[in-house]
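Colleague: File input-v7.cif below, mmCIF, C-alpha atoms:
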```cif
data_upload
#
loop_
_atom_site.label_atom_id
_atom_site.label_comp_id
_atom_site.auth_asym_id
_atom_site.auth_seq_id
_atom_site.Cartn_x
_atom_site.Cartn_y
_atom_site.Cartn_z
CA MET A 15 75.00 30.00 -116.74
CA LYS A 16 75.61 30.22 -112.99
CA GLN A 17 72.29 31.92 -112.22
CA PRO A 18 70.06 29.30 -113.96
CA THR A 19 72.09 26.55 -112.27
CA ARG A 20 71.41 28.07 -108.84
CA TRP A 21 67.69 28.32 -109.67
CA LEU A 22 67.61 24.69 -110.81
CA THR A 23 69.39 23.54 -107.67
CA ALA A 24 67.00 25.50 -105.46
CA ALA A 25 64.00 24.17 -107.33
CA LEU A 26 65.20 20.57 -106.98
CA ALA A 27 65.81 21.11 -103.27
CA LEU A 28 62.32 22.53 -102.86
CA VAL A 29 60.71 19.62 -104.70
CA LEU A 30 62.74 17.10 -102.70
CA GLY A 31 61.84 18.84 -99.44
CA LEU A 32 58.15 18.84 -100.28
CA ALA A 33 58.29 15.19 -101.25
CA MET A 34 60.00 14.26 -97.99
CA ALA A 35 57.54 16.29 -95.96
CA THR A 36 54.63 14.66 -97.78
CA ALA A 37 56.09 11.20 -97.22
CA THR A 38 56.60 11.89 -93.53
CA ARG A 39 53.07 13.24 -93.17
CA ASP A 40 51.60 10.28 -95.09
CA ALA A 41 53.57 7.83 -92.94
CA ALA A 42 52.29 9.45 -89.77
CA ALA A 43 48.74 9.33 -91.08
CA ALA A 44 49.14 5.67 -92.00
CA ASP A 45 50.25 4.87 -88.45
CA SER A 46 47.09 6.38 -86.97
CA PRO A 47 44.76 7.78 -89.61
CA TYR A 48 42.09 8.93 -87.16
CA GLN A 49 44.23 10.96 -84.79
CA ARG A 50 42.84 14.43 -84.44
CA GLY A 51 44.43 17.35 -82.63
CA PRO A 52 47.78 17.93 -80.91
CA ASP A 53 49.46 15.48 -78.57
CA PRO A 54 47.39 15.38 -75.37
CA THR A 55 48.62 16.50 -71.95
CA PRO A 56 47.05 16.19 -68.49
CA ALA A 57 46.00 19.83 -68.77
CA SER A 58 44.43 19.43 -72.22
CA VAL A 59 42.44 16.35 -71.20
CA ALA A 60 41.11 18.18 -68.14
CA ALA A 61 40.21 21.33 -70.09
CA THR A 62 36.59 22.28 -70.55
CA ARG A 63 37.14 22.80 -74.28
CA GLY A 64 39.27 20.99 -76.81
CA PRO A 65 41.19 22.35 -79.81
CA PHE A 66 38.31 22.40 -82.33
CA ALA A 67 35.73 25.10 -82.97
CA THR A 68 32.19 23.68 -82.97
CA THR A 69 28.67 24.44 -84.03
CA GLN A 70 25.30 22.85 -83.34
CA ALA A 71 21.92 22.31 -84.98
CA THR A 72 18.47 21.13 -83.99
CA VAL A 73 17.37 17.68 -85.17
CA PRO A 74 13.66 17.40 -86.10
CA ALA A 75 11.39 14.73 -84.68
CA GLY A 76 10.94 11.58 -86.70
CA ASN A 77 13.47 9.03 -87.96
CA GLY A 78 12.62 6.74 -85.04
CA PHE A 79 13.22 9.19 -82.18
CA ASN A 80 11.80 12.49 -80.98
CA GLY A 81 14.46 14.79 -82.42
CA GLY A 82 17.26 16.39 -80.48
CA TYR A 83 20.50 18.23 -81.11
CA VAL A 84 23.73 17.60 -83.00
CA TYR A 85 27.11 19.14 -82.18
CA TYR A 86 30.14 18.87 -84.45
CA PRO A 87 33.53 20.41 -85.30
CA THR A 88 33.45 23.04 -88.03
CA ASP A 89 36.82 21.93 -89.47
CA THR A 90 36.38 20.12 -92.80
CA SER A 91 40.08 19.69 -93.59
CA LEU A 92 40.74 16.58 -91.48
CA GLY A 93 38.31 14.11 -93.00
CA THR A 94 35.41 12.49 -91.19
CA TRP A 95 34.84 12.27 -87.43
CA GLY A 96 33.79 9.53 -85.07
CA ALA A 97 30.34 9.99 -83.54
CA VAL A 98 28.46 9.17 -80.36
CA ALA A 99 24.72 9.17 -79.67
CA ILE A 100 23.52 10.10 -76.17
CA VAL A 101 20.14 9.34 -74.58
CA PRO A 102 18.81 10.63 -71.22
CA GLY A 103 17.36 8.64 -68.35
CA TYR A 104 13.79 7.78 -67.44
CA SER A 105 11.41 10.79 -67.57
CA ALA A 106 14.33 13.13 -68.39
CA LEU A 107 15.11 15.41 -71.32
CA PHE A 108 18.50 15.55 -73.01
CA ALA A 109 18.08 19.33 -73.30
CA ASN A 110 17.83 19.62 -69.52
CA GLU A 111 20.36 17.05 -68.33
CA GLU A 112 23.03 16.13 -70.91
CA ALA A 113 23.19 19.06 -73.33
CA TRP A 114 26.23 20.40 -71.48
CA MET A 115 28.21 17.47 -72.85
CA GLY A 116 27.56 18.23 -76.54
CA PRO A 117 29.89 21.18 -77.26
CA TRP A 118 32.45 19.87 -74.76
CA LEU A 119 32.84 16.54 -76.56
CA ALA A 120 32.56 18.06 -80.04
CA SER A 121 35.45 20.41 -79.29
CA PHE A 122 37.67 17.35 -78.81
CA GLY A 123 36.87 16.06 -82.28
CA PHE A 124 33.60 14.10 -82.16
CA VAL A 125 30.18 14.44 -83.69
CA VAL A 126 27.60 14.21 -80.90
CA ILE A 127 23.88 13.61 -81.35
CA GLY A 128 21.77 13.98 -78.24
CA ILE A 129 18.25 12.64 -78.59
CA GLU A 130 14.90 13.13 -76.96
CA THR A 131 12.88 9.94 -76.57
CA ASN A 132 9.49 9.29 -78.14
CA SER A 133 8.04 9.10 -74.66
CA ARG A 134 9.71 10.31 -71.49
CA THR A 135 8.64 7.02 -69.87
CA ASP A 136 10.25 4.82 -72.54
CA GLY A 137 12.07 1.86 -71.02
CA ALA A 138 15.61 0.67 -71.66
CA ASP A 139 14.64 -1.43 -74.69
CA ALA A 140 13.00 1.53 -76.41
CA ARG A 141 15.95 3.78 -75.59
CA ALA A 142 18.30 1.24 -77.17
CA THR A 143 16.21 1.21 -80.33
CA GLN A 144 16.16 5.01 -80.52
CA LEU A 145 19.94 5.29 -79.96
CA LEU A 146 20.58 3.05 -82.95
CA ALA A 147 17.99 4.93 -85.01
CA ALA A 148 19.80 8.17 -84.19
CA LEU A 149 23.10 6.77 -85.47
CA ASP A 150 21.40 5.55 -88.65
CA TYR A 151 19.89 8.99 -89.20
CA LEU A 152 23.21 10.69 -88.52
CA THR A 153 25.15 8.59 -91.03
CA ARG A 154 22.52 8.09 -93.74
CA THR A 155 20.19 11.06 -94.11
CA SER A 156 21.29 13.91 -91.83
CA PRO A 157 22.64 17.14 -93.38
CA ILE A 158 26.07 16.40 -91.89
CA ARG A 159 26.28 12.73 -92.88
CA ASN A 160 29.37 13.42 -95.00
CA ARG A 161 31.22 14.60 -91.88
CA VAL A 162 30.67 11.33 -89.98
CA ASP A 163 32.61 8.09 -90.30
CA PRO A 164 29.90 5.37 -90.28
CA ASN A 165 32.46 2.84 -89.09
CA ARG A 166 33.38 4.75 -85.90
CA LEU A 167 30.24 5.02 -83.83
CA GLY A 168 29.44 4.78 -80.13
CA VAL A 169 26.50 5.07 -77.75
CA MET A 170 26.10 6.60 -74.29
CA GLY A 171 23.30 7.15 -71.83
CA HIS A 172 22.35 7.89 -68.23
CA SER A 173 20.37 5.65 -65.86
CA ALA A 174 17.67 3.89 -67.91
CA GLY A 175 19.40 5.45 -70.90
CA GLY A 176 22.60 3.79 -69.70
CA ALA A 177 20.79 0.46 -69.63
CA GLY A 178 19.56 1.20 -73.14
CA THR A 179 23.14 1.94 -74.14
CA LEU A 180 24.30 -1.49 -73.01
CA LEU A 181 21.38 -3.17 -74.77
CA ALA A 182 22.22 -1.26 -77.96
CA ALA A 183 25.78 -2.63 -77.77
CA LEU A 184 24.41 -6.17 -77.53
CA ARG A 185 22.23 -5.57 -80.55
CA ARG A 186 24.89 -3.92 -82.72
CA PRO A 187 28.31 -5.49 -82.09
CA THR A 188 29.93 -3.30 -84.78
CA LEU A 189 29.79 -0.30 -82.44
CA LYS A 190 33.20 0.89 -81.34
CA THR A 191 32.24 1.67 -77.75
CA ALA A 192 29.40 1.97 -75.24
CA VAL A 193 29.45 4.18 -72.13
CA GLY A 194 26.92 3.66 -69.35
CA LEU A 195 26.49 6.55 -66.90
CA ALA A 196 25.02 5.07 -63.70
CA PRO A 197 23.47 2.49 -66.03
CA GLY A 198 20.58 0.31 -65.06
CA THR A 199 17.05 -0.29 -64.04
CA PRO A 200 17.48 -1.99 -60.64
CA GLY A 201 15.62 -5.25 -60.37
CA ASN A 202 16.35 -5.99 -64.03
CA ASN A 203 19.98 -7.07 -63.95
CA LEU A 204 21.96 -6.62 -67.15
CA ASN A 205 24.18 -9.45 -68.32
CA MET A 206 26.88 -8.29 -70.72
CA SER A 207 28.70 -11.60 -71.07
CA THR A 208 28.10 -11.74 -74.83
CA THR A 209 29.00 -8.17 -75.73
CA GLN A 210 31.71 -7.52 -78.30
CA VAL A 211 31.82 -3.75 -77.75
CA PRO A 212 34.46 -2.04 -75.55
CA THR A 213 32.49 -0.73 -72.58
CA MET A 214 33.04 1.93 -69.94
CA LEU A 215 30.85 2.19 -66.83
CA LEU A 216 30.78 5.33 -64.69
CA SER A 217 28.96 5.35 -61.35
CA GLY A 218 28.56 7.53 -58.28
CA GLN A 219 29.92 6.57 -54.87
CA ASN A 220 26.79 7.95 -53.16
CA ASP A 221 24.24 6.83 -55.76
CA GLY A 222 21.28 5.31 -53.94
CA THR A 223 19.34 4.63 -57.16
CA VAL A 224 21.89 2.71 -59.23
CA THR A 225 24.20 1.66 -56.43
CA PRO A 226 27.90 0.86 -56.79
CA SER A 227 27.18 -2.80 -56.00
CA TYR A 228 24.61 -2.89 -58.80
CA VAL A 229 27.10 -1.43 -61.29
CA GLN A 230 29.75 -3.87 -60.10
CA GLY A 231 27.34 -6.69 -60.87
CA ILE A 232 27.10 -5.45 -64.47
CA TYR A 233 30.85 -4.93 -64.69
CA ASN A 234 31.54 -8.47 -63.50
CA THR A 235 29.60 -9.90 -66.47
CA LEU A 236 31.73 -8.11 -69.07
CA PRO A 237 33.86 -10.70 -70.91
CA ALA A 238 37.61 -10.78 -70.33
CA GLY A 239 38.25 -10.69 -74.08
CA VAL A 240 36.56 -7.30 -74.52
CA GLU A 241 38.19 -4.10 -73.25
CA HIS A 242 36.28 -2.50 -70.39
CA ALA A 243 36.66 -0.08 -67.51
CA TRP A 244 34.69 1.04 -64.47
CA ALA A 245 35.21 4.26 -62.54
CA GLU A 246 33.32 5.22 -59.40
CA LEU A 247 33.27 8.98 -58.84
CA ALA A 248 33.85 10.03 -55.23
CA GLY A 249 30.93 11.80 -53.58
CA ASN A 250 28.76 11.67 -56.71
CA ASP A 251 25.08 10.77 -56.58
CA HIS A 252 22.68 9.62 -59.28
CA LEU A 253 22.13 13.08 -60.71
CA SER A 254 25.79 14.11 -60.77
CA PHE A 255 25.98 12.95 -64.38
CA THR A 256 23.23 15.38 -65.38
CA ARG A 257 25.35 18.40 -64.44
CA SER A 258 28.69 19.65 -65.72
CA ASN A 259 31.13 17.08 -64.37
CA PRO A 260 34.87 17.65 -65.04
CA THR A 261 35.91 14.36 -63.41
CA GLU A 262 33.58 12.42 -65.67
CA MET A 263 34.90 14.17 -68.77
CA ARG A 264 38.54 13.67 -67.77
CA LEU A 265 37.86 9.93 -68.00
CA LEU A 266 35.40 9.97 -70.88
CA ILE A 267 37.47 11.93 -73.39
CA PRO A 268 40.51 9.57 -73.32
CA TRP A 269 38.15 6.59 -73.54
CA LEU A 270 36.34 7.93 -76.61
CA LYS A 271 39.61 9.00 -78.21
CA THR A 272 40.98 5.50 -77.73
CA PHE A 273 38.01 3.57 -79.07
CA LEU A 274 36.35 5.93 -81.57
CA ASP A 275 39.61 7.34 -83.00
CA ASN A 276 41.98 4.41 -82.31
CA ASP A 277 44.17 7.11 -80.78
CA THR A 278 46.47 5.34 -78.34
CA ARG A 279 48.10 8.64 -77.36
CA TYR A 280 45.28 8.82 -74.81
CA THR A 281 45.68 5.46 -73.06
CA GLN A 282 48.35 6.99 -70.82
CA PHE A 283 45.57 8.75 -68.90
CA LEU A 284 43.67 5.52 -68.20
CA CYS A 285 46.32 2.82 -67.86
CA PRO A 286 47.26 3.27 -65.14
CA LEU A 287 44.87 6.02 -64.08
CA ALA A 288 46.95 9.19 -64.38
CA ASP A 289 44.82 11.39 -62.12
CA SER A 290 42.74 9.71 -59.43
CA THR A 291 41.39 12.99 -58.04
CA GLY A 292 37.67 12.53 -57.49
CA VAL A 293 37.78 8.80 -58.29
CA SER A 294 37.03 6.42 -55.41
CA ARG A 295 37.30 3.18 -57.41
CA TYR A 296 38.81 2.28 -60.77
CA ASN A 297 39.26 -0.94 -62.67
CA ALA A 298 40.24 -1.49 -66.29
CA THR A 299 41.51 -4.18 -68.65
CA CYS A 300 44.72 -2.30 -69.26
CA PRO A 301 46.40 -1.47 -71.59
CA LEU A 302 43.08 -0.80 -73.39
CA VAL A 303 44.01 -1.60 -76.97
CA PRO A 304 41.34 -0.60 -79.54
CA PRO A 305 40.36 -3.60 -81.70
CA ASP A 306 41.36 -1.78 -84.90
CA GLY A 307 44.28 0.17 -83.49
CA PRO A 308 47.96 -0.40 -82.89
CA THR A 309 48.95 -2.60 -79.97
CA SER A 310 51.26 -1.06 -77.42
CA PRO A 311 51.91 -1.44 -73.70
CA PRO A 312 50.93 1.47 -71.45
CA THR A 313 54.45 2.90 -71.36
CA THR A 314 57.07 3.20 -74.11
CA THR A 315 56.40 1.01 -77.11
CA PRO A 316 59.15 -1.63 -77.49
CA PRO A 317 61.37 -1.13 -80.53
CA THR A 318 60.64 -4.51 -82.03
CA SER A 319 57.28 -6.23 -81.78
CA VAL A 320 56.35 -9.76 -82.65
CA PRO A 321 52.85 -11.24 -82.87
CA PRO A 322 51.25 -11.82 -79.49
CA THR A 323 51.26 -15.29 -78.04
CA THR A 324 48.73 -16.83 -75.73
CA SER A 325 49.59 -19.25 -72.99
CA ALA A 326 47.22 -22.05 -72.20
CA PRO A 327 45.13 -21.33 -69.14
CA THR A 328 46.14 -23.02 -65.95
CA THR A 329 44.24 -25.99 -64.63
CA PRO A 330 41.65 -24.75 -62.13
CA PRO A 331 42.24 -25.72 -58.51
CA PRO A 332 39.98 -28.36 -57.01
CA SER A 333 36.31 -27.54 -56.54
CA GLY A 334 35.68 -25.47 -53.45
CA ALA A 335 38.80 -23.30 -53.76
CA ALA A 336 38.26 -19.71 -52.65
CA CYS A 337 39.55 -18.34 -55.98
CA THR A 338 41.41 -19.33 -59.13
CA ALA A 339 43.90 -17.48 -61.32
CA THR A 340 44.64 -17.89 -65.03
CA TYR A 341 47.50 -16.29 -66.97
CA ARG A 342 47.89 -15.25 -70.58
CA THR A 343 50.60 -13.45 -72.53
CA VAL A 344 48.97 -10.46 -74.19
CA ASN A 345 51.95 -9.26 -76.23
CA SER A 346 55.67 -9.85 -76.52
CA TRP A 347 58.71 -8.24 -78.08
CA SER A 348 62.46 -8.61 -78.03
CA GLY A 349 63.45 -8.60 -74.36
CA GLY A 350 59.99 -8.08 -72.87
CA PHE A 351 56.37 -9.05 -72.68
CA GLN A 352 52.96 -8.03 -71.34
CA GLY A 353 50.97 -10.45 -69.20
CA GLU A 354 47.49 -10.55 -67.73
CA VAL A 355 46.06 -12.61 -64.87
CA THR A 356 42.33 -13.13 -64.37
CA VAL A 357 41.15 -13.83 -60.84
CA THR A 358 37.85 -15.68 -60.39
CA ALA A 359 36.04 -16.13 -57.11
CA GLY A 360 34.89 -19.64 -56.23
CA THR A 361 31.45 -20.69 -55.11
CA ALA A 362 31.39 -18.06 -52.36
CA ALA A 363 32.10 -14.34 -52.32
CA ILE A 364 35.62 -13.26 -51.33
CA ASN A 365 37.01 -10.13 -49.74
CA GLY A 366 40.62 -9.85 -50.87
CA TRP A 367 42.86 -12.10 -52.94
CA THR A 368 46.55 -12.86 -53.47
CA VAL A 369 48.11 -14.41 -56.58
CA ARG A 370 51.55 -16.01 -56.64
CA TRP A 371 53.62 -17.54 -59.42
CA THR A 372 57.21 -18.36 -60.28
CA LEU A 373 59.21 -16.13 -62.61
CA ASN A 374 61.02 -18.26 -65.18
CA ASN A 375 64.38 -17.90 -66.91
CA GLY A 376 65.45 -14.61 -65.37
CA GLN A 377 62.14 -12.84 -65.85
CA SER A 378 61.41 -9.67 -63.88
CA ILE A 379 58.33 -7.47 -63.55
CA ASN A 380 58.65 -3.76 -64.25
CA GLN A 381 55.10 -2.44 -63.91
CA VAL A 382 51.76 -3.68 -62.55
CA TRP A 383 48.28 -2.16 -62.81
CA ASN A 384 45.15 -3.13 -60.86
CA GLY A 385 47.28 -4.89 -58.26
CA THR A 386 50.13 -4.46 -55.75
CA LEU A 387 53.38 -6.32 -56.45
CA SER A 388 56.04 -7.80 -54.22
CA THR A 389 58.80 -10.24 -55.20
CA SER A 390 60.98 -12.61 -53.24
CA GLY A 391 63.62 -14.39 -55.27
CA SER A 392 61.83 -15.92 -58.24
CA THR A 393 58.37 -15.69 -56.65
CA ALA A 394 56.06 -12.87 -57.72
CA THR A 395 53.12 -11.97 -55.48
CA VAL A 396 50.30 -9.63 -56.49
CA GLY A 397 47.51 -8.65 -54.13
CA ASN A 398 44.29 -6.81 -54.79
CA VAL A 399 43.92 -3.05 -54.54
CA SER A 400 41.09 -1.30 -52.73
CA TYR A 401 38.60 -1.38 -55.59
CA ASN A 402 38.90 -4.96 -56.88
CA GLY A 403 39.32 -7.15 -53.81
CA SER A 404 35.65 -7.88 -53.14
CA LEU A 405 34.21 -10.34 -55.65
CA ALA A 406 30.84 -12.03 -55.67
CA ALA A 407 30.72 -15.80 -56.16
CA GLY A 408 31.93 -16.59 -59.67
CA ALA A 409 32.85 -12.97 -60.41
CA THR A 410 36.15 -12.02 -62.05
CA THR A 411 38.68 -9.23 -62.07
CA SER A 412 42.09 -8.93 -63.69
CA PHE A 413 45.46 -7.28 -63.34
CA GLY A 414 48.18 -6.73 -65.90
CA PHE A 415 51.92 -6.25 -65.92
CA LEU A 416 54.95 -5.55 -68.06
CA GLY A 417 57.90 -7.91 -67.71
CA SER A 418 61.49 -8.21 -68.88
CA GLY A 419 62.74 -11.44 -70.38
CA ASN A 420 60.98 -13.98 -72.52
CA PRO A 421 57.33 -14.91 -71.95
CA ALA A 422 56.69 -18.39 -70.64
CA ALA A 423 53.66 -20.31 -69.46
CA ALA A 424 52.90 -19.45 -65.85
CA SER A 425 50.85 -21.39 -63.31
CA PRO A 426 49.59 -18.84 -60.78
CA THR A 427 47.81 -19.82 -57.59
CA CYS A 428 45.15 -17.76 -55.86
CA THR A 429 44.32 -17.54 -52.17
CA SER A 430 41.85 -15.42 -50.25
CA PRO A 431 41.96 -14.51 -46.54
#
```
Here is the file; what I need is its structure written in the form of structure tokens.
Modeller:
Amino acid sequence: MKQPTRWLTAALALVLGLAMATATRDAAAADSPYQRGPDPTPASVAATRGPFATTQATVPAGNGFNGGYVYYPTDTSLGTWGAVAIVPGYSALFANEEAWMGPWLASFGFVVIGIETNSRTDGADARATQLLAALDYLTRTSPIRNRVDPNRLGVMGHSAGGAGTLLAALRRPTLKTAVGLAPGTPGNNLNMSTTQVPTMLLSGQNDGTVTPSYVQGIYNTLPAGVEHAWAELAGNDHLSFTRSNPTEMRLLIPWLKTFLDNDTRYTQFLCPLADSTGVSRYNATCPLVPPDGPTSPPTTTPPTSVPPTTSAPTTPPPSGAACTATYRTVNSWSGGFQGEVTVTAGTAAINGWTVRWTLNNGQSINQVWNGTLSTSGSTATVGNVSYNGSLAAGATTSFGFLGSGNPAAASPTCTSP
């Protein structure tokens, strides 16, 4: 009887082990069901290819746009993938200017559809319409529709296509993200104050067509309640986005992973910016929490979280003040909290700002992004950094921080030289 007993014991151990492994795997999946691929590293994010093998196919004309190309991972074992539609700029062809992005992005776990426009002279409005038509085709009638998650979709475009991208986001607020590459048609300013879609803007430091000041004007209209980021690429011109651009992709991949896949493993590369090589200006509403994803500060997640609280905004200073500052508590947990301060210029443009407030009840600040911190006793002082000190009249920027202690209503003041 000893031999059957040993077999029974081994069989029970095997069943128990498989059950535990399944439970662990299911729990991990429940925490972040859309995570794809191994834990990212600085080297993997900067690589020219991700962990997934890819293939591509030609998309026929019709369906509201002039055809194009689709790129996607060949792996069918991980469920559906998030998708992004890309449109070129005025008079351009996707095949000539953005096709390099297709296999690169697909290898990181996205379905990519790059479209040609019905007319190469189509304006931003038409490009917006065709981007949304491409997503509808991809998820409803395309041969790979079963590989795409219709609830995780984004749009991206260059120049006039970038303007079309932002218009598409205004038209379809269910999109998970919009990325404008040197977006705009100068002379036709874009106001994004009503968007509900997390938005990234990428621009070139030496772009004389869609200038940095023009992109900043768009960025300043993005609402504080919607996650957004703006990176200016050092030395880049208007056409830099139409050629293989590793700096662009090092920013773009973590952004898409965060907002298409709700994969907060990637926020470490953007909040704060982990590698500023080739980036002359950067601003973001850190910690960049996807609307449908877990909430966590940019460093180690606190062991115990409680629902976020929101402090009432401070009373604005008297009319005519150079700038104002308002505080809110973004998140809190046992022994710590995350705060955000929004700085708004007054009736005139400002060049530099300083915010001060009093730390209450033994509070301390451990980390700041988008600002420079100094403390003296219980007074915290945060000044602008190089890329967010100049604000047009009425324009806003923000900085965030992690603090120790209990959150409490703060009344920051703002001054400008």
Colleague: Just say which residues the PyMOL selection byres ((chain A and resi 260-274) around 7) picks in this file, as a count of residues only.
Modeller: 18
Colleague: Given all atoms listed in the file as the basis, pick out the residue of A:Ala248, A:Val303, A:Val101, A:Ile379 nearest to A:Thr291.
Modeller: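 Looking at the shortest contact to A:Thr291, the residue is A:Ala248.
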Colleague: Can you tell me, as a CSV table (one decimal) with C-alpha atoms, keeping the file's coordinate frame, what residues are no more than 10 Å from A:Ala406 when counting only C-alpha atoms, ignoring any on the same chain fewer than 6 positions away?
Modeller:
```
chain,number,residue,atom,x,y,z
A,227,SER,CA,27.2,-2.8,-56.0
A,230,GLN,CA,29.8,-3.9,-60.1
A,231,GLY,CA,27.3,-6.7,-60.9
A,234,ASN,CA,31.5,-8.5,-63.5
A,358,THR,CA,37.8,-15.7,-60.4
A,359,ALA,CA,36.0,-16.1,-57.1
A,360,GLY,CA,34.9,-19.6,-56.2
A,361,THR,CA,31.4,-20.7,-55.1
A,362,ALA,CA,31.4,-18.1,-52.4
A,363,ALA,CA,32.1,-14.3,-52.3
A,364,ILE,CA,35.6,-13.3,-51.3
A,365,ASN,CA,37.0,-10.1,-49.7
```
Colleague: Selected by the PyMOL selection byres ((chain A and resi 371) around 6) in the shown coordinates: which residues, as a PDB file with C-alpha atoms, in the coordinates of the input?
Modeller:
```pdb
ATOM      1  CA  ARG A 370      51.550 -16.010 -56.640  1.00  0.00           C
ATOM      2  CA  THR A 372      57.210 -18.360 -60.280  1.00  0.00           C
ATOM      3  CA  THR A 393      58.370 -15.690 -56.650  1.00  0.00           C
ATOM      4  CA  ALA A 394      56.060 -12.870 -57.720  1.00  0.00           C
ATOM      5  CA  PRO A 426      49.590 -18.840 -60.780  1.00  0.00           C
TER       6      PRO A 426
END
```
Colleague: Output the residue selection produced by the PyMOL selection byres ((chain A and resi 368) around 9) on the file above, formatted as number ranges by chain.
Modeller: A: 366-367, 369-370, 395-398, 427-431
Colleague: Just the residues within 10 Å of A:Asn375, please, counting all atoms listed in the file, with nothing from its chain fewer than 6 positions along; format it as a ChimeraX atom specification.
Modeller: /A:392,419-422
Colleague: Here is a test: counting all atoms listed in the file, which residue of A:Ser133, A:Thr338, A:Thr188, A:Thr68 is nearest to A:Thr209?
Modeller: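 Checking each of A:Ser133, A:Thr338, A:Thr188, A:Thr68 against A:Thr209, counting all atoms listed in the file, the winner is A:Thr188.
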Colleague: May I have the residues within 8 Å of A:Tyr86 as an mmCIF file with C-alpha atoms, keeping the file's coordinate frame, using only C-alpha atoms and disregarding those fewer than 5 positions away in the same chain?
Modeller:
```
data_model
loop_
_atom_site.group_PDB
_atom_site.id
_atom_site.type_symbol
_atom_site.label_atom_id
_atom_site.label_comp_id
_atom_site.auth_asym_id
_atom_site.auth_seq_id
_atom_site.Cartn_x
_atom_site.Cartn_y
_atom_site.Cartn_z
ATOM 1 C CA THR A 68 32.190 23.680 -82.970
ATOM 2 C CA THR A 69 28.670 24.440 -84.030
ATOM 3 C CA GLN A 70 25.300 22.850 -83.340
ATOM 4 C CA PRO A 117 29.890 21.180 -77.260
ATOM 5 C CA ALA A 120 32.560 18.060 -80.040
ATOM 6 C CA SER A 121 35.450 20.410 -79.290
ATOM 7 C CA GLY A 123 36.870 16.060 -82.280
ATOM 8 C CA PHE A 124 33.600 14.100 -82.160
ATOM 9 C CA VAL A 125 30.180 14.440 -83.690
ATOM 10 C CA VAL A 126 27.600 14.210 -80.900
#
```
Colleague: Pick out the residues sitting within 10 Å of stretch 149-162 of chain A, and hand them over as a PyMOL selection string; count only C-alpha atoms, and ignore anything fewer than 3 positions along from it in its own chain.
Modeller: chain A and resi 71+73+76-79+84+86-90+92-100+124-127+144-146+165-169
Colleague: Limited to C-alpha atoms, could you put the picked residues into a file as a PDB file, keeping the file's coordinate frame?
Modeller:
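The new file part.pdb reads:
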```pdb
ATOM      1  CA  ALA A  71      21.920  22.310 -84.980  1.00  0.00           C
ATOM      2  CA  VAL A  73      17.370  17.680 -85.170  1.00  0.00           C
ATOM      3  CA  GLY A  76      10.940  11.580 -86.700  1.00  0.00           C
ATOM      4  CA  ASN A  77      13.470   9.030 -87.960  1.00  0.00           C
ATOM      5  CA  GLY A  78      12.620   6.740 -85.040  1.00  0.00           C
ATOM      6  CA  PHE A  79      13.220   9.190 -82.180  1.00  0.00           C
ATOM      7  CA  VAL A  84      23.730  17.600 -83.000  1.00  0.00           C
ATOM      8  CA  TYR A  86      30.140  18.870 -84.450  1.00  0.00           C
ATOM      9  CA  PRO A  87      33.530  20.410 -85.300  1.00  0.00           C
ATOM     10  CA  THR A  88      33.450  23.040 -88.030  1.00  0.00           C
ATOM     11  CA  ASP A  89      36.820  21.930 -89.470  1.00  0.00           C
ATOM     12  CA  THR A  90      36.380  20.120 -92.800  1.00  0.00           C
ATOM     13  CA  LEU A  92      40.740  16.580 -91.480  1.00  0.00           C
ATOM     14  CA  GLY A  93      38.310  14.110 -93.000  1.00  0.00           C
ATOM     15  CA  THR A  94      35.410  12.490 -91.190  1.00  0.00           C
ATOM     16  CA  TRP A  95      34.840  12.270 -87.430  1.00  0.00           C
ATOM     17  CA  GLY A  96      33.790   9.530 -85.070  1.00  0.00           C
ATOM     18  CA  ALA A  97      30.340   9.990 -83.540  1.00  0.00           C
ATOM     19  CA  VAL A  98      28.460   9.170 -80.360  1.00  0.00           C
ATOM     20  CA  ALA A  99      24.720   9.170 -79.670  1.00  0.00           C
ATOM     21  CA  ILE A 100      23.520  10.100 -76.170  1.00  0.00           C
ATOM     22  CA  PHE A 124      33.600  14.100 -82.160  1.00  0.00           C
ATOM     23  CA  VAL A 125      30.180  14.440 -83.690  1.00  0.00           C
ATOM     24  CA  VAL A 126      27.600  14.210 -80.900  1.00  0.00           C
ATOM     25  CA  ILE A 127      23.880  13.610 -81.350  1.00  0.00           C
ATOM     26  CA  GLN A 144      16.160   5.010 -80.520  1.00  0.00           C
ATOM     27  CA  LEU A 145      19.940   5.290 -79.960  1.00  0.00           C
ATOM     28  CA  LEU A 146      20.580   3.050 -82.950  1.00  0.00           C
ATOM     29  CA  ASN A 165      32.460   2.840 -89.090  1.00  0.00           C
ATOM     30  CA  ARG A 166      33.380   4.750 -85.900  1.00  0.00           C
ATOM     31  CA  LEU A 167      30.240   5.020 -83.830  1.00  0.00           C
ATOM     32  CA  GLY A 168      29.440   4.780 -80.130  1.00  0.00           C
ATOM     33  CA  VAL A 169      26.500   5.070 -77.750  1.00  0.00           C
TER      34      VAL A 169
END
```
Colleague: Looking at A:Glu130, A:Val382, A:Phe255, A:Ala298, which one is nearest to A:Thr213, with distances taken over only C-alpha atoms?
Modeller: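 The closest residue to A:Thr213 is A:Ala298.
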Colleague: To one decimal place, how far is atom CA of A:Gly349 from atom CA of A:Gln381 in Å?
Modeller: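 Taking atom CA of A:Gly349 as the start and atom CA of A:Gln381 as the end point, the length is 14.7 Å.
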Colleague: Could you state the separation of atom CA of A:Leu181 and atom CA of A:Asp139 in Å, given to one decimal place?
Modeller: 7.0 Å
Colleague: One decimal, in Å: what's the spacing between atom CA of A:Ser400 and atom CA of A:Gly353?
Modeller: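 Answer for the atom CA of A:Ser400 to atom CA of A:Gly353 separation: 21.3 Å.
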